[in-house]
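What follows is one structure encoded as C-alpha cells, with my remarks underneath.
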Amino acid sequence: MNFQQLRSIREAARCGFNLTEVANVLFTSQPGVSRQIRELEEELGVDIFVRNGKRLIGLTDPGKGILQIVEKLLQEAENLRQASKEYSGETTGTLTVAATHTQARYALPRVVQGFRARFPDVRIALQQSSPEHIAEWVISGKADVGIATEGLSQFKELISFPCYEWSHVVVVPQHHPLLLVERPISLSDLAAYPLITYDVGFTGRGHIDAAFRAAGITPDIVLTAMDSDVIQQYVSLELGVGIVAAMASEHTRQSGLQTIEVAHLFASNVTRLAVRRGAYLRSYTLDFILQFAPQLKRSDIIQALHAESN
C-alpha cells in the first residue's frame, strides 16, 4: 500500500470516476491510475469500485467505507507535513483563503493588511466564488479557510465559526421617491419598484426572499449579481432599487447613491469562517482566523478541531 494508490482512490471519487481526469490531476497516465487502483483492491481483497467493463461507474459498499479511511489517511499525512514545518520554525508558506465577492471586497482588506504586517513571508492566495464552491475548496484542501454568509455550516466535513452579524440596506439614486417616505419603509414600498440584489445563495439573499414570501408579496427582481459594486452600478443607472449588504454602504456614498435602513424588514445575517474538520492549522492560519474574528479564542478553535475529528 502506498500514497499514490490512496490518492488514485480519492481522486477517482472526486473526479466522478473519470480516470482521464484523475490522471491529469495526479500528473500520471490513465493506465497508471488503473494499475494503482487494481493493485490496492487486490491487496485489500475487495472491489472498491463498481465497473461497467473497464469503466468505473461508482463505489461498492465496502468502497464507500474504504474511501472514508483513505480521506482520513491522506489528511493526516498532510497534517504531518504542516506540523513538521511548524515545529521547524518555518514561517513561510501560502495561506489560501476562499471567500465570496462581498467578503473579499469589504471584510477582508483590513484583516489581510494586518496579517501581512505580522507575517511578511507568507503569501496570501485569495479565491472568490460561490459559497458552494468555497465549501468544496476547503473540503478538498484547495483552500485553508473559507468565508461566506451562506452554506458553510451545512457541510459535515467542515467546522464553521460565527464571525460577525450584519444587515441589508436599500440603495437608491439621489432624489428617489423612497427617500421622501417619512415612516420606516415597508416591503410593499419596495415592491412598488424593480429590485436589484444578489444571486440566489449569495450574501443573505435567502433572508430577502423569506421576508417577501412571508408577507405574501412577489417582488419584481429584474437583475441579480454576486458583487455589491455591480448591483450599485446598475442602481446608479436607475434600473431599479438595490438591496445590498450594509458593509457596502461606504462605496454607496462614493457613488452618489443614498442608503435607507431596512434592518426591520429582513432578518440579520451571520458571516461564518470554516476550516476542514481535523485539519492541522499552522500558527499563521490561526492568527488569520483570530484577526478576522477576534471574539474567538485560539484554545476554542483547537478544541473544536479535535472534538469534530473524533
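Every chain in the C-alpha cells takes a letter, A first, then B, and so on in the order presented; its residues are numbered from 1, and the ligands are numbered from 1 following the presented order.
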
- Query: Which residues come within 12 Å of Leu305 (chain A), counting only C-alpha atoms, excluding same-chain residues fewer than 4 positions away, as a list in words?
  - Reply: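 What passes the distance filter is Glu157, Leu158, Ile159, Ser160, Phe161, Ala274, Val275, Arg276, Arg277, Gly278, Ala279, Tyr280, Leu281, Leu286, Arg298, Ser299, Asp300, Ile301, Ser309 and Asn310 of chain A.
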
Could you write out the selected residues, including N, CA and C atoms, as a compact mmCIF listing (two decimals), in the first residue's frame?
# COMPACT_ATOMS: atom_id res chain seq x y z
N GLU A 157 -18.18 17.98 6.76
CA GLU A 157 -16.72 17.90 6.66
C GLU A 157 -16.03 19.16 7.17
N LEU A 158 -16.82 20.20 7.45
CA LEU A 158 -16.26 21.48 7.86
C LEU A 158 -16.62 21.81 9.30
N ILE A 159 -15.76 22.58 9.94
CA ILE A 159 -16.07 23.24 11.19
C ILE A 159 -16.20 24.72 10.87
N SER A 160 -17.33 25.31 11.23
CA SER A 160 -17.53 26.73 10.94
C SER A 160 -17.75 27.50 12.23
N PHE A 161 -17.26 28.75 12.24
CA PHE A 161 -17.35 29.62 13.40
C PHE A 161 -18.09 30.89 13.02
N ALA A 274 -14.92 28.94 7.92
CA ALA A 274 -14.86 27.47 8.01
C ALA A 274 -13.47 26.95 7.70
N VAL A 275 -13.11 25.86 8.38
CA VAL A 275 -11.89 25.11 8.09
C VAL A 275 -12.28 23.64 7.99
N ARG A 276 -11.41 22.87 7.39
CA ARG A 276 -11.69 21.44 7.21
C ARG A 276 -11.58 20.71 8.54
N ARG A 277 -12.55 19.87 8.81
CA ARG A 277 -12.55 19.11 10.05
C ARG A 277 -11.28 18.26 10.14
N GLY A 278 -10.61 18.31 11.28
CA GLY A 278 -9.43 17.50 11.50
C GLY A 278 -8.15 18.05 10.91
N ALA A 279 -8.22 19.22 10.26
CA ALA A 279 -7.01 19.78 9.63
C ALA A 279 -6.05 20.31 10.69
N TYR A 280 -4.75 20.24 10.40
CA TYR A 280 -3.75 20.86 11.26
C TYR A 280 -3.57 22.29 10.78
N LEU A 281 -3.82 23.25 11.66
CA LEU A 281 -3.74 24.65 11.29
C LEU A 281 -2.39 25.23 11.72
N LEU A 286 -4.13 30.20 12.25
CA LEU A 286 -4.87 30.54 13.46
C LEU A 286 -4.86 32.05 13.70
N ARG A 298 -8.10 31.07 20.61
CA ARG A 298 -7.27 30.04 19.99
C ARG A 298 -7.58 28.66 20.57
N SER A 299 -7.73 28.60 21.89
CA SER A 299 -7.99 27.31 22.54
C SER A 299 -9.33 26.72 22.10
N ASP A 300 -10.33 27.58 21.89
CA ASP A 300 -11.64 27.09 21.46
C ASP A 300 -11.58 26.53 20.05
N ILE A 301 -10.79 27.18 19.18
CA ILE A 301 -10.66 26.70 17.81
C ILE A 301 -10.00 25.32 17.80
N SER A 309 -13.11 15.96 15.01
CA SER A 309 -12.38 14.92 14.27
C SER A 309 -12.53 13.54 14.89
N ASN A 310 -13.16 13.46 16.06
CA ASN A 310 -13.32 12.16 16.71
C ASN A 310 -14.50 11.38 16.15

- Task: Considering only C-alpha atoms, state which residue in the set A:Cys163, A:Val25, A:Leu44, A:Ile221 is at the smallest distance from Leu290 (chain A).
- Result: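 Distance minimum relative to Leu290 (chain A) lands on A:Cys163.
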
- Please provide as a PyMOL selection string all residues within 8 Å of Ala191 (chain A), with the sequence filter that same-chain residues fewer than 2 positions apart are discarded (counting only C-alpha atoms). chain A and resi 187-189+193-195+217-220

- Among the residues of region 85-232 of chain A, find those DSSP assigns to strand (DSSP E) from the backbone and print them as number ranges by chain. A: 93-99, 122-128, 145-148, 158-166, 168-173, 195-198, 221-225

- What residues in region 23-263 of chain A get the DSSP label helix (DSSP H, G or I)? Please answer as a PyMOL selection string. chain A and resi 23-26+30-44+61-87+101-118+131-140+152-154+177-180+187-191+205-214+228-236+246-254

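The coordinates place CA of Phe115 (chain A) at 12.8 Å from CA of Ala293 (chain A).
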
- Using only C-alpha atoms, find the one residue out of A:Arg272, A:Ala248, A:Arg110, A:Glu39 that sits nearest to Ile134 (chain A).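 Smallest distance to Ile134 (chain A) is found for A:Arg272.
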
- At what distance in Å, to one decimal, does CA of Gly93 (chain A) lie from CA of Arg81 (chain A)? 12.1 Å

- Who sits within 6 Å of Ile124 (chain A), only C-alpha atoms, same chain under 3 positions skipped, as a PyMOL selection string: chain A and resi 94-96

- Task: Provide the CA of Phe3 (chain A) to CA of Ser34 (chain A) distance in Å, to one decimal place.
- Result: 14.6 Å

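Around region 47-51 of chain A, within 9 Å and counting only C-alpha atoms, the residues found are Ile9, Phe17, Ile37, Arg38, Leu40, Glu41, Glu42, Leu56, Ile57, Gly58, Leu59, Thr60, Asp61, Pro62, Gly63, Lys64, Ile66 and Leu67 of chain A, once anything fewer than 5 positions away on its own chain is removed.
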
Pull N, CA and C atoms from the residues just selected and write them as a compact mmCIF listing (two decimals), in the first residue's frame.
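Resulting contents of selection.txt:
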# COMPACT_ATOMS: atom_id res chain seq x y z
N ILE A 9 -7.44 6.48 -5.46
CA ILE A 9 -8.78 6.17 -4.97
C ILE A 9 -9.55 7.46 -4.70
N PHE A 17 -15.26 9.44 -11.26
CA PHE A 17 -14.80 8.15 -11.79
C PHE A 17 -14.24 8.26 -13.21
N ILE A 37 -5.12 1.50 -8.69
CA ILE A 37 -6.40 1.14 -8.08
C ILE A 37 -6.53 -0.38 -7.97
N ARG A 38 -6.20 -1.08 -9.08
CA ARG A 38 -6.34 -2.52 -9.09
C ARG A 38 -5.40 -3.18 -8.09
N LEU A 40 -4.31 -1.95 -5.27
CA LEU A 40 -4.81 -1.77 -3.91
C LEU A 40 -6.01 -2.68 -3.66
N GLU A 41 -6.88 -2.82 -4.63
CA GLU A 41 -8.03 -3.72 -4.48
C GLU A 41 -7.56 -5.16 -4.25
N GLU A 42 -6.53 -5.57 -5.00
CA GLU A 42 -6.01 -6.93 -4.84
C GLU A 42 -5.38 -7.12 -3.46
N LEU A 56 -15.08 2.77 -14.55
CA LEU A 56 -15.57 2.88 -13.19
C LEU A 56 -16.87 3.66 -13.21
N ILE A 57 -17.90 3.18 -12.52
CA ILE A 57 -19.19 3.88 -12.54
C ILE A 57 -19.71 4.19 -11.13
N GLY A 58 -19.00 3.77 -10.11
CA GLY A 58 -19.45 4.06 -8.74
C GLY A 58 -18.61 3.34 -7.72
N LEU A 59 -19.00 3.50 -6.46
CA LEU A 59 -18.32 2.85 -5.34
C LEU A 59 -19.14 1.66 -4.86
N THR A 60 -18.46 0.58 -4.55
CA THR A 60 -19.15 -0.54 -3.90
C THR A 60 -19.44 -0.16 -2.45
N ASP A 61 -20.23 -0.96 -1.75
CA ASP A 61 -20.48 -0.68 -0.34
C ASP A 61 -19.20 -0.70 0.48
N PRO A 62 -18.33 -1.73 0.30
CA PRO A 62 -17.04 -1.67 1.00
C PRO A 62 -16.22 -0.47 0.57
N GLY A 63 -16.34 -0.11 -0.72
CA GLY A 63 -15.57 1.02 -1.23
C GLY A 63 -15.93 2.34 -0.56
N LYS A 64 -17.21 2.50 -0.21
CA LYS A 64 -17.63 3.73 0.46
C LYS A 64 -16.95 3.86 1.82
N ILE A 66 -14.09 2.33 2.65
CA ILE A 66 -12.65 2.47 2.41
C ILE A 66 -12.31 3.90 2.03
N LEU A 67 -13.17 4.54 1.22
CA LEU A 67 -12.91 5.92 0.81
C LEU A 67 -12.82 6.84 2.01

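The nearest approach to Val171 (chain A) among the residues A:Gly256, A:Gly65, A:Gly53, A:Pro294, with only C-alpha atoms taken into account, belongs to A:Gly256.
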